[in-house]
Amino acid sequence: MENVSKIWLGPLPADSPYVKPFRLYYVQNGVEKNWDLLKVHDSVAIILYNTTRQKLVLVRQFRPAVYHGIISSAQGNFDKVNLEEYPPAIGVTLELCAGIVDKSKSWVEIAREEVLEECGYDVPVVRIEEVMVYRSGVGSSGAKQIMYYCEVTDADKATSGGGVEDEIIEVVELSLEEAKRMIQQGAVNNSPPSCLMGLMWFFANRAPSAST
């Protein structure tokens, strides 16, 4: 996963299917203002709990944006990145199973597909429960995300997961104690807010009582 041998920046192609930058103009209280924004896909995220193993199922992957953010914060730019000084492992995240909404299917059906593709569990949509709807990147994109919850068992395991096409995703099982440490005061995580919010929701609403 961290076998990244070269990394550099380049201009964003105008036909990028994932990110489209633009400037929005508006008048507020009689004053003309503007805001630089990104149009990105809406997405789904799924809290997965394996009841057979009593483990939360997350995914681990290299995120270029996180790697870029860490280095830019550390040295003020992204010029001449030394891969020995900044190993790609620092850009690896631990996240909920998730994916973008880019198909003509219901959101819950897309969530079902992501669970199968990333984590290898084949479950019907009736077992996928909607948790909440919210907005991510409110200062840059305002994209919509729906969070779901799904309980799986070992019997639902159909493949090893790991993503599709050129995705490199590792399935990670966390004990409840390991997951709790991620949301304790003072914790430092390479995880997005949706993952941490999902874990907090799980412990508040679905975790086995003996483990809370």
# chains A, B, ... in the order shown; residues from 1 in each chain; ligands from 1
$ select_by_dssp --residues "stretch 133-193 of chain A" --states "strand (DSSP E)" --output "number ranges by chain"
A: 133-136, 143-152, 170-174
$ write_last_selection --atoms "all heavy atoms" --output "compact mmCIF listing (two decimals), in the first residue's frame"
# COMPACT_ATOMS: atom_id res chain seq x y z
N VAL A 133 -27.99 12.25 7.70
CA VAL A 133 -27.60 12.97 6.49
C VAL A 133 -26.93 14.27 6.93
O VAL A 133 -27.43 14.95 7.83
CB VAL A 133 -28.82 13.29 5.60
CG1 VAL A 133 -28.39 14.01 4.32
CG2 VAL A 133 -29.59 12.01 5.28
N TYR A 134 -25.82 14.63 6.30
CA TYR A 134 -25.09 15.83 6.71
C TYR A 134 -24.26 16.35 5.54
O TYR A 134 -24.22 15.74 4.47
CB TYR A 134 -24.19 15.55 7.92
CG TYR A 134 -23.33 14.32 7.76
CD1 TYR A 134 -22.06 14.38 7.20
CD2 TYR A 134 -23.81 13.06 8.14
CE1 TYR A 134 -21.29 13.25 7.04
CE2 TYR A 134 -23.05 11.93 7.98
CZ TYR A 134 -21.79 12.02 7.43
OH TYR A 134 -21.02 10.89 7.25
N ARG A 135 -23.61 17.46 5.75
CA ARG A 135 -22.77 18.09 4.73
C ARG A 135 -21.31 18.04 5.13
O ARG A 135 -20.96 18.33 6.27
CB ARG A 135 -23.20 19.54 4.50
CG ARG A 135 -24.61 19.69 3.96
CD ARG A 135 -24.69 19.35 2.49
NE ARG A 135 -26.08 19.19 2.03
CZ ARG A 135 -26.40 19.01 0.75
NH1 ARG A 135 -25.46 18.95 -0.17
NH2 ARG A 135 -27.67 18.86 0.40
N SER A 136 -20.47 17.67 4.19
CA SER A 136 -19.02 17.65 4.44
C SER A 136 -18.36 18.79 3.69
O SER A 136 -18.92 19.33 2.74
CB SER A 136 -18.43 16.31 4.00
OG SER A 136 -18.61 16.12 2.60
N ALA A 143 -20.61 19.16 0.07
CA ALA A 143 -21.15 17.92 -0.48
C ALA A 143 -22.00 17.18 0.54
O ALA A 143 -21.75 17.23 1.74
CB ALA A 143 -20.01 17.02 -0.95
N LYS A 144 -23.00 16.50 0.04
CA LYS A 144 -23.90 15.72 0.89
C LYS A 144 -23.33 14.33 1.12
O LYS A 144 -22.79 13.70 0.22
CB LYS A 144 -25.27 15.62 0.21
CG LYS A 144 -26.31 14.77 0.94
CD LYS A 144 -27.61 14.75 0.13
CE LYS A 144 -28.66 13.85 0.75
NZ LYS A 144 -29.90 13.82 -0.05
N GLN A 145 -23.45 13.85 2.35
CA GLN A 145 -23.09 12.47 2.65
C GLN A 145 -24.18 11.84 3.51
O GLN A 145 -24.71 12.50 4.41
CB GLN A 145 -21.74 12.37 3.39
CG GLN A 145 -21.30 10.92 3.59
CD GLN A 145 -19.86 10.79 4.07
OE1 GLN A 145 -19.57 10.98 5.25
NE2 GLN A 145 -18.95 10.47 3.16
N ILE A 146 -24.52 10.61 3.19
CA ILE A 146 -25.45 9.85 4.02
C ILE A 146 -24.67 8.74 4.70
O ILE A 146 -23.92 8.01 4.06
CB ILE A 146 -26.60 9.24 3.19
CG1 ILE A 146 -27.43 10.35 2.54
CG2 ILE A 146 -27.50 8.39 4.09
CD1 ILE A 146 -28.63 9.84 1.74
N MET A 147 -24.84 8.64 6.02
CA MET A 147 -24.20 7.59 6.78
C MET A 147 -25.21 6.47 7.03
O MET A 147 -26.37 6.72 7.36
CB MET A 147 -23.67 8.13 8.11
CG MET A 147 -22.96 7.09 8.97
SD MET A 147 -22.33 7.82 10.51
CE MET A 147 -21.01 8.85 9.86
N TYR A 148 -24.73 5.25 6.88
CA TYR A 148 -25.56 4.07 7.10
C TYR A 148 -24.92 3.18 8.16
O TYR A 148 -23.72 3.29 8.45
CB TYR A 148 -25.71 3.27 5.81
CG TYR A 148 -26.46 3.97 4.70
CD1 TYR A 148 -25.77 4.71 3.74
CD2 TYR A 148 -27.84 3.90 4.62
CE1 TYR A 148 -26.45 5.35 2.72
CE2 TYR A 148 -28.53 4.55 3.59
CZ TYR A 148 -27.83 5.27 2.65
OH TYR A 148 -28.51 5.91 1.64
N TYR A 149 -25.73 2.27 8.70
CA TYR A 149 -25.25 1.26 9.64
C TYR A 149 -25.67 -0.10 9.14
O TYR A 149 -26.82 -0.29 8.70
CB TYR A 149 -25.80 1.49 11.04
CG TYR A 149 -25.44 0.40 12.03
CD1 TYR A 149 -24.13 0.24 12.46
CD2 TYR A 149 -26.41 -0.47 12.52
CE1 TYR A 149 -23.79 -0.76 13.35
CE2 TYR A 149 -26.08 -1.47 13.42
CZ TYR A 149 -24.76 -1.61 13.83
OH TYR A 149 -24.43 -2.60 14.70
N CYS A 150 -24.76 -1.06 9.22
CA CYS A 150 -25.08 -2.41 8.76
C CYS A 150 -24.36 -3.44 9.63
O CYS A 150 -23.15 -3.33 9.85
CB CYS A 150 -24.65 -2.59 7.30
SG CYS A 150 -25.04 -4.22 6.62
N GLU A 151 -25.12 -4.38 10.14
CA GLU A 151 -24.53 -5.50 10.87
C GLU A 151 -24.32 -6.67 9.91
O GLU A 151 -25.21 -7.01 9.13
CB GLU A 151 -25.44 -5.92 12.03
CG GLU A 151 -25.51 -4.86 13.12
CD GLU A 151 -26.29 -5.31 14.34
OE1 GLU A 151 -26.89 -6.41 14.30
OE2 GLU A 151 -26.30 -4.55 15.34
N VAL A 152 -23.13 -7.24 9.95
CA VAL A 152 -22.79 -8.37 9.09
C VAL A 152 -22.33 -9.53 9.94
O VAL A 152 -22.03 -9.37 11.14
CB VAL A 152 -21.70 -7.99 8.07
CG1 VAL A 152 -22.18 -6.88 7.14
CG2 VAL A 152 -20.41 -7.56 8.78
N GLU A 170 -7.21 -1.98 2.26
CA GLU A 170 -7.04 -3.07 3.22
C GLU A 170 -8.21 -3.06 4.19
O GLU A 170 -8.57 -2.01 4.74
CB GLU A 170 -5.73 -2.89 4.00
CG GLU A 170 -5.50 -3.93 5.07
CD GLU A 170 -4.28 -3.63 5.93
OE1 GLU A 170 -3.48 -2.75 5.55
OE2 GLU A 170 -4.14 -4.26 6.99
N VAL A 171 -8.83 -4.21 4.38
CA VAL A 171 -9.92 -4.34 5.34
C VAL A 171 -9.33 -4.51 6.74
O VAL A 171 -8.45 -5.35 6.94
CB VAL A 171 -10.83 -5.53 4.99
CG1 VAL A 171 -11.99 -5.63 5.98
CG2 VAL A 171 -11.35 -5.42 3.57
N VAL A 172 -9.81 -3.71 7.69
CA VAL A 172 -9.28 -3.74 9.05
C VAL A 172 -10.40 -4.01 10.03
O VAL A 172 -11.46 -3.37 9.97
CB VAL A 172 -8.61 -2.38 9.40
CG1 VAL A 172 -8.11 -2.39 10.84
CG2 VAL A 172 -7.47 -2.09 8.45
N GLU A 173 -10.19 -4.97 10.91
CA GLU A 173 -11.17 -5.26 11.96
C GLU A 173 -10.65 -4.71 13.28
O GLU A 173 -9.52 -5.00 13.68
CB GLU A 173 -11.40 -6.77 12.08
CG GLU A 173 -12.09 -7.39 10.87
CD GLU A 173 -12.39 -8.86 11.08
OE1 GLU A 173 -11.83 -9.47 12.03
OE2 GLU A 173 -13.19 -9.41 10.31
N LEU A 174 -11.48 -3.92 13.93
CA LEU A 174 -11.10 -3.32 15.21
C LEU A 174 -11.97 -3.87 16.33
O LEU A 174 -13.19 -3.97 16.19
CB LEU A 174 -11.28 -1.80 15.17
CG LEU A 174 -10.35 -0.95 14.31
CD1 LEU A 174 -10.67 0.52 14.54
CD2 LEU A 174 -8.90 -1.23 14.60
$ residues_around --residues "A:Gly161" --least-positions-apart "3" --cutoff "9 Å" --atoms "only C-alpha atoms" --output "PyMOL selection string"
chain A and resi 115-121+158+164+169-171
$ write_last_selection --atoms "all heavy atoms" --output "PDB file, in the first residue's frame"
ATOM      1  N   VAL A 115     -19.989  -1.813   0.331  1.00  0.00           N
ATOM      2  CA  VAL A 115     -19.736  -2.826   1.360  1.00  0.00           C
ATOM      3  C   VAL A 115     -19.167  -4.093   0.716  1.00  0.00           C
ATOM      4  O   VAL A 115     -18.220  -4.702   1.233  1.00  0.00           O
ATOM      5  CB  VAL A 115     -21.027  -3.140   2.140  1.00  0.00           C
ATOM      6  CG1 VAL A 115     -20.834  -4.358   3.035  1.00  0.00           C
ATOM      7  CG2 VAL A 115     -21.445  -1.934   2.976  1.00  0.00           C
ATOM      8  N   LEU A 116     -19.713  -4.481  -0.427  1.00  0.00           N
ATOM      9  CA  LEU A 116     -19.230  -5.676  -1.126  1.00  0.00           C
ATOM     10  C   LEU A 116     -17.851  -5.450  -1.738  1.00  0.00           C
ATOM     11  O   LEU A 116     -16.947  -6.278  -1.571  1.00  0.00           O
ATOM     12  CB  LEU A 116     -20.227  -6.082  -2.214  1.00  0.00           C
ATOM     13  CG  LEU A 116     -19.847  -7.294  -3.078  1.00  0.00           C
ATOM     14  CD1 LEU A 116     -19.633  -8.537  -2.225  1.00  0.00           C
ATOM     15  CD2 LEU A 116     -20.893  -7.542  -4.145  1.00  0.00           C
ATOM     16  N   GLU A 117     -17.685  -4.333  -2.437  1.00  0.00           N
ATOM     17  CA  GLU A 117     -16.430  -4.081  -3.148  1.00  0.00           C
ATOM     18  C   GLU A 117     -15.259  -3.835  -2.202  1.00  0.00           C
ATOM     19  O   GLU A 117     -14.168  -4.372  -2.403  1.00  0.00           O
ATOM     20  CB  GLU A 117     -16.597  -2.878  -4.078  1.00  0.00           C
ATOM     21  CG  GLU A 117     -17.549  -3.137  -5.239  1.00  0.00           C
ATOM     22  CD  GLU A 117     -17.875  -1.880  -6.035  1.00  0.00           C
ATOM     23  OE1 GLU A 117     -17.361  -0.791  -5.667  1.00  0.00           O
ATOM     24  OE2 GLU A 117     -18.639  -1.979  -7.007  1.00  0.00           O
ATOM     25  N   GLU A 118     -15.485  -3.040  -1.177  1.00  0.00           N
ATOM     26  CA  GLU A 118     -14.384  -2.677  -0.289  1.00  0.00           C
ATOM     27  C   GLU A 118     -14.136  -3.703   0.810  1.00  0.00           C
ATOM     28  O   GLU A 118     -12.982  -3.977   1.154  1.00  0.00           O
ATOM     29  CB  GLU A 118     -14.628  -1.297   0.341  1.00  0.00           C
ATOM     30  CG  GLU A 118     -14.563  -0.161  -0.656  1.00  0.00           C
ATOM     31  CD  GLU A 118     -14.513   1.203   0.010  1.00  0.00           C
ATOM     32  OE1 GLU A 118     -14.627   1.290   1.260  1.00  0.00           O
ATOM     33  OE2 GLU A 118     -14.356   2.194  -0.708  1.00  0.00           O
ATOM     34  N   CYS A 119     -15.217  -4.253   1.377  1.00  0.00           N
ATOM     35  CA  CYS A 119     -15.071  -5.117   2.550  1.00  0.00           C
ATOM     36  C   CYS A 119     -15.445  -6.572   2.313  1.00  0.00           C
ATOM     37  O   CYS A 119     -15.190  -7.425   3.169  1.00  0.00           O
ATOM     38  CB  CYS A 119     -15.875  -4.556   3.722  1.00  0.00           C
ATOM     39  SG  CYS A 119     -15.344  -2.885   4.207  1.00  0.00           S
ATOM     40  N   GLY A 120     -16.081  -6.862   1.188  1.00  0.00           N
ATOM     41  CA  GLY A 120     -16.347  -8.248   0.824  1.00  0.00           C
ATOM     42  C   GLY A 120     -17.604  -8.863   1.385  1.00  0.00           C
ATOM     43  O   GLY A 120     -17.833 -10.066   1.224  1.00  0.00           O
ATOM     44  N   TYR A 121     -18.468  -8.059   2.026  1.00  0.00           N
ATOM     45  CA  TYR A 121     -19.715  -8.590   2.595  1.00  0.00           C
ATOM     46  C   TYR A 121     -20.875  -8.348   1.629  1.00  0.00           C
ATOM     47  O   TYR A 121     -21.097  -7.226   1.178  1.00  0.00           O
ATOM     48  CB  TYR A 121     -20.020  -7.940   3.940  1.00  0.00           C
ATOM     49  CG  TYR A 121     -19.039  -8.293   5.028  1.00  0.00           C
ATOM     50  CD1 TYR A 121     -17.980  -7.455   5.346  1.00  0.00           C
ATOM     51  CD2 TYR A 121     -19.173  -9.488   5.745  1.00  0.00           C
ATOM     52  CE1 TYR A 121     -17.071  -7.776   6.345  1.00  0.00           C
ATOM     53  CE2 TYR A 121     -18.273  -9.825   6.743  1.00  0.00           C
ATOM     54  CZ  TYR A 121     -17.223  -8.966   7.040  1.00  0.00           C
ATOM     55  OH  TYR A 121     -16.317  -9.289   8.023  1.00  0.00           O
ATOM     56  N   ALA A 158     -18.377 -12.729   1.179  1.00  0.00           N
ATOM     57  CA  ALA A 158     -18.388 -13.317  -0.161  1.00  0.00           C
ATOM     58  C   ALA A 158     -17.037 -13.217  -0.858  1.00  0.00           C
ATOM     59  O   ALA A 158     -16.679 -14.076  -1.660  1.00  0.00           O
ATOM     60  CB  ALA A 158     -19.456 -12.633  -1.007  1.00  0.00           C
ATOM     61  N   VAL A 164     -12.062  -2.148  -6.188  1.00  0.00           N
ATOM     62  CA  VAL A 164     -12.156  -2.579  -7.578  1.00  0.00           C
ATOM     63  C   VAL A 164     -11.145  -1.798  -8.416  1.00  0.00           C
ATOM     64  O   VAL A 164     -10.611  -0.775  -7.990  1.00  0.00           O
ATOM     65  CB  VAL A 164     -13.578  -2.360  -8.135  1.00  0.00           C
ATOM     66  CG1 VAL A 164     -14.570  -3.253  -7.403  1.00  0.00           C
ATOM     67  CG2 VAL A 164     -14.006  -0.901  -8.010  1.00  0.00           C
ATOM     68  N   ILE A 169      -7.057  -1.191  -1.141  1.00  0.00           N
ATOM     69  CA  ILE A 169      -7.752  -0.998   0.129  1.00  0.00           C
ATOM     70  C   ILE A 169      -7.544  -2.224   1.009  1.00  0.00           C
ATOM     71  O   ILE A 169      -7.688  -3.348   0.555  1.00  0.00           O
ATOM     72  CB  ILE A 169      -9.259  -0.771  -0.107  1.00  0.00           C
ATOM     73  CG1 ILE A 169      -9.490   0.557  -0.853  1.00  0.00           C
ATOM     74  CG2 ILE A 169     -10.025  -0.773   1.209  1.00  0.00           C
ATOM     75  CD1 ILE A 169     -10.930   0.779  -1.279  1.00  0.00           C
ATOM     76  N   GLU A 170      -7.206  -1.984   2.255  1.00  0.00           N
ATOM     77  CA  GLU A 170      -7.042  -3.069   3.221  1.00  0.00           C
ATOM     78  C   GLU A 170      -8.215  -3.055   4.193  1.00  0.00           C
ATOM     79  O   GLU A 170      -8.569  -2.014   4.740  1.00  0.00           O
ATOM     80  CB  GLU A 170      -5.733  -2.890   3.997  1.00  0.00           C
ATOM     81  CG  GLU A 170      -5.501  -3.934   5.073  1.00  0.00           C
ATOM     82  CD  GLU A 170      -4.283  -3.627   5.928  1.00  0.00           C
ATOM     83  OE1 GLU A 170      -3.480  -2.749   5.545  1.00  0.00           O
ATOM     84  OE2 GLU A 170      -4.143  -4.258   6.994  1.00  0.00           O
ATOM     85  N   VAL A 171      -8.826  -4.211   4.381  1.00  0.00           N
ATOM     86  CA  VAL A 171      -9.923  -4.336   5.342  1.00  0.00           C
ATOM     87  C   VAL A 171      -9.332  -4.514   6.737  1.00  0.00           C
ATOM     88  O   VAL A 171      -8.452  -5.353   6.942  1.00  0.00           O
ATOM     89  CB  VAL A 171     -10.828  -5.534   4.993  1.00  0.00           C
ATOM     90  CG1 VAL A 171     -11.991  -5.631   5.983  1.00  0.00           C
ATOM     91  CG2 VAL A 171     -11.348  -5.415   3.571  1.00  0.00           C
TER      92      VAL A 171
END
$ atom_distance --atom1 "atom CA of A:Ala111" --atom2 "atom CA of A:Pro192"
17.8 Å
$ residues_around --residues "stretch 100-110 of chain A" --least-positions-apart "3" --cutoff "8 Å" --atoms "only C-alpha atoms" --output "PyMOL selection string"
chain A and resi 41-44+113-114+125+128+146
$ write_last_selection --atoms "N, CA and C atoms" --output "PDB file, in the first residue's frame"
ATOM      1  N   HIS A  41     -18.368  14.996  -5.881  1.00  0.00           N
ATOM      2  CA  HIS A  41     -19.505  14.082  -5.785  1.00  0.00           C
ATOM      3  C   HIS A  41     -20.016  13.989  -4.349  1.00  0.00           C
ATOM      4  N   ASP A  42     -21.307  13.795  -4.208  1.00  0.00           N
ATOM      5  CA  ASP A  42     -21.871  13.398  -2.924  1.00  0.00           C
ATOM      6  C   ASP A  42     -21.397  11.978  -2.629  1.00  0.00           C
ATOM      7  N   SER A  43     -21.637  11.505  -1.400  1.00  0.00           N
ATOM      8  CA  SER A  43     -21.071  10.205  -1.039  1.00  0.00           C
ATOM      9  C   SER A  43     -21.871   9.501   0.041  1.00  0.00           C
ATOM     10  N   VAL A  44     -21.511   8.240   0.244  1.00  0.00           N
ATOM     11  CA  VAL A  44     -22.092   7.433   1.315  1.00  0.00           C
ATOM     12  C   VAL A  44     -20.963   6.915   2.195  1.00  0.00           C
ATOM     13  N   GLU A 113     -23.203  -1.759  -2.581  1.00  0.00           N
ATOM     14  CA  GLU A 113     -22.109  -2.085  -3.486  1.00  0.00           C
ATOM     15  C   GLU A 113     -20.752  -1.796  -2.855  1.00  0.00           C
ATOM     16  N   GLU A 114     -20.640  -0.682  -2.134  1.00  0.00           N
ATOM     17  CA  GLU A 114     -19.371  -0.334  -1.498  1.00  0.00           C
ATOM     18  C   GLU A 114     -19.002  -1.354  -0.422  1.00  0.00           C
ATOM     19  N   VAL A 125     -30.136  -4.741   0.760  1.00  0.00           N
ATOM     20  CA  VAL A 125     -30.322  -3.350   1.188  1.00  0.00           C
ATOM     21  C   VAL A 125     -31.237  -3.239   2.404  1.00  0.00           C
ATOM     22  N   ILE A 128     -29.476  -2.557   5.598  1.00  0.00           N
ATOM     23  CA  ILE A 128     -28.661  -1.343   5.696  1.00  0.00           C
ATOM     24  C   ILE A 128     -29.550  -0.207   6.181  1.00  0.00           C
ATOM     25  N   ILE A 146     -24.519  10.610   3.194  1.00  0.00           N
ATOM     26  CA  ILE A 146     -25.451   9.846   4.019  1.00  0.00           C
ATOM     27  C   ILE A 146     -24.674   8.740   4.703  1.00  0.00           C
TER      28      ILE A 146
END
$ atom_distance --atom1 "atom CA of A:Ser209" --atom2 "atom CA of A:Glu130"
21.5 Å
$ select_by_dssp --residues "chain A" --states "alpha helix (DSSP H)" --output "JSON, numbers by chain"
{"A": [64, 65, 66, 67, 68, 69, 70, 71, 72, 73, 74, 75, 107, 108, 109, 110, 111, 112, 113, 114, 176, 177, 178, 179, 180, 181, 182, 193, 194, 195, 196, 197, 198, 199, 200, 201, 202, 203, 204, 205]}
$ closest_residue --among "A:Arg181, A:Lys6, A:Arg60, A:Lys157" --to "A:Leu96" --atoms "only C-alpha atoms"
A:Arg60
$ closest_residue --among "A:Asp122, A:Tyr67, A:Glu85, A:Leu37" --to "A:Leu24" --atoms "only C-alpha atoms"
A:Leu37
$ closest_residue --among "A:Asn190, A:Ile46, A:Tyr25, A:Asp166" --to "A:Ile70" --atoms "only C-alpha atoms"
A:Asn190
$ residues_around --residues "A:Gly91" --least-positions-apart "4" --cutoff "10 Å" --atoms "only C-alpha atoms" --output "JSON list (two decimals) with N, CA and C atoms, in the first residue's frame"
[["chain", "number", "residue", "atom", "x", "y", "z"],
["A", 2, "GLU", "N", 1.94, 1.25, 0.79],
["A", 2, "GLU", "CA", 2.77, 2.45, 0.86],
["A", 2, "GLU", "C", 3.90, 2.42, -0.17],
["A", 61, "GLN", "N", -6.34, 2.93, 3.64],
["A", 61, "GLN", "CA", -5.86, 3.23, 2.30],
["A", 61, "GLN", "C", -4.99, 4.48, 2.28],
["A", 62, "PHE", "N", -4.16, 4.60, 1.25],
["A", 62, "PHE", "CA", -3.32, 5.78, 1.07],
["A", 62, "PHE", "C", -4.15, 6.89, 0.46],
["A", 63, "ARG", "N", -4.15, 8.04, 1.13],
["A", 63, "ARG", "CA", -4.90, 9.20, 0.67],
["A", 63, "ARG", "C", -3.93, 10.31, 0.27],
["A", 64, "PRO", "N", -3.78, 10.57, -1.03],
["A", 64, "PRO", "CA", -2.87, 11.63, -1.47],
["A", 64, "PRO", "C", -3.15, 12.99, -0.84],
["A", 65, "ALA", "N", -4.44, 13.31, -0.64],
["A", 65, "ALA", "CA", -4.78, 14.62, -0.05],
["A", 65, "ALA", "C", -4.24, 14.74, 1.38],
["A", 66, "VAL", "N", -4.32, 13.65, 2.13],
["A", 66, "VAL", "CA", -3.80, 13.66, 3.50],
["A", 66, "VAL", "C", -2.28, 13.78, 3.49],
["A", 67, "TYR", "N", -1.64, 13.03, 2.61],
["A", 67, "TYR", "CA", -0.18, 13.10, 2.48],
["A", 67, "TYR", "C", 0.25, 14.53, 2.13],
["A", 68, "HIS", "N", -0.43, 15.13, 1.16],
["A", 68, "HIS", "CA", -0.12, 16.50, 0.77],
["A", 68, "HIS", "C", -0.34, 17.47, 1.92],
["A", 69, "GLY", "N", -1.45, 17.29, 2.65],
["A", 69, "GLY", "CA", -1.75, 18.19, 3.75],
["A", 69, "GLY", "C", -0.73, 18.13, 4.87],
["A", 70, "ILE", "N", -0.27, 16.94, 5.19],
["A", 70, "ILE", "CA", 0.72, 16.77, 6.26],
["A", 70, "ILE", "C", 2.03, 17.46, 5.88],
["A", 71, "ILE", "N", 2.47, 17.24, 4.65],
["A", 71, "ILE", "CA", 3.75, 17.81, 4.23],
["A", 71, "ILE", "C", 3.66, 19.33, 4.06],
["A", 86, "TYR", "N", 9.60, 11.92, 4.50],
["A", 86, "TYR", "CA", 8.14, 11.87, 4.59],
["A", 86, "TYR", "C", 7.64, 10.59, 3.93],
["A", 87, "PRO", "N", 7.74, 9.45, 4.60],
["A", 87, "PRO", "CA", 7.31, 8.18, 4.01],
["A", 87, "PRO", "C", 5.82, 8.19, 3.70],
["A", 190, "ASN", "N", -5.47, 9.68, 11.74],
["A", 190, "ASN", "CA", -5.51, 9.99, 10.31],
["A", 190, "ASN", "C", -6.84, 9.50, 9.77]]
$ atom_distance --atom1 "atom CA of A:Glu178" --atom2 "atom CA of A:Phe203"
12.3 Å
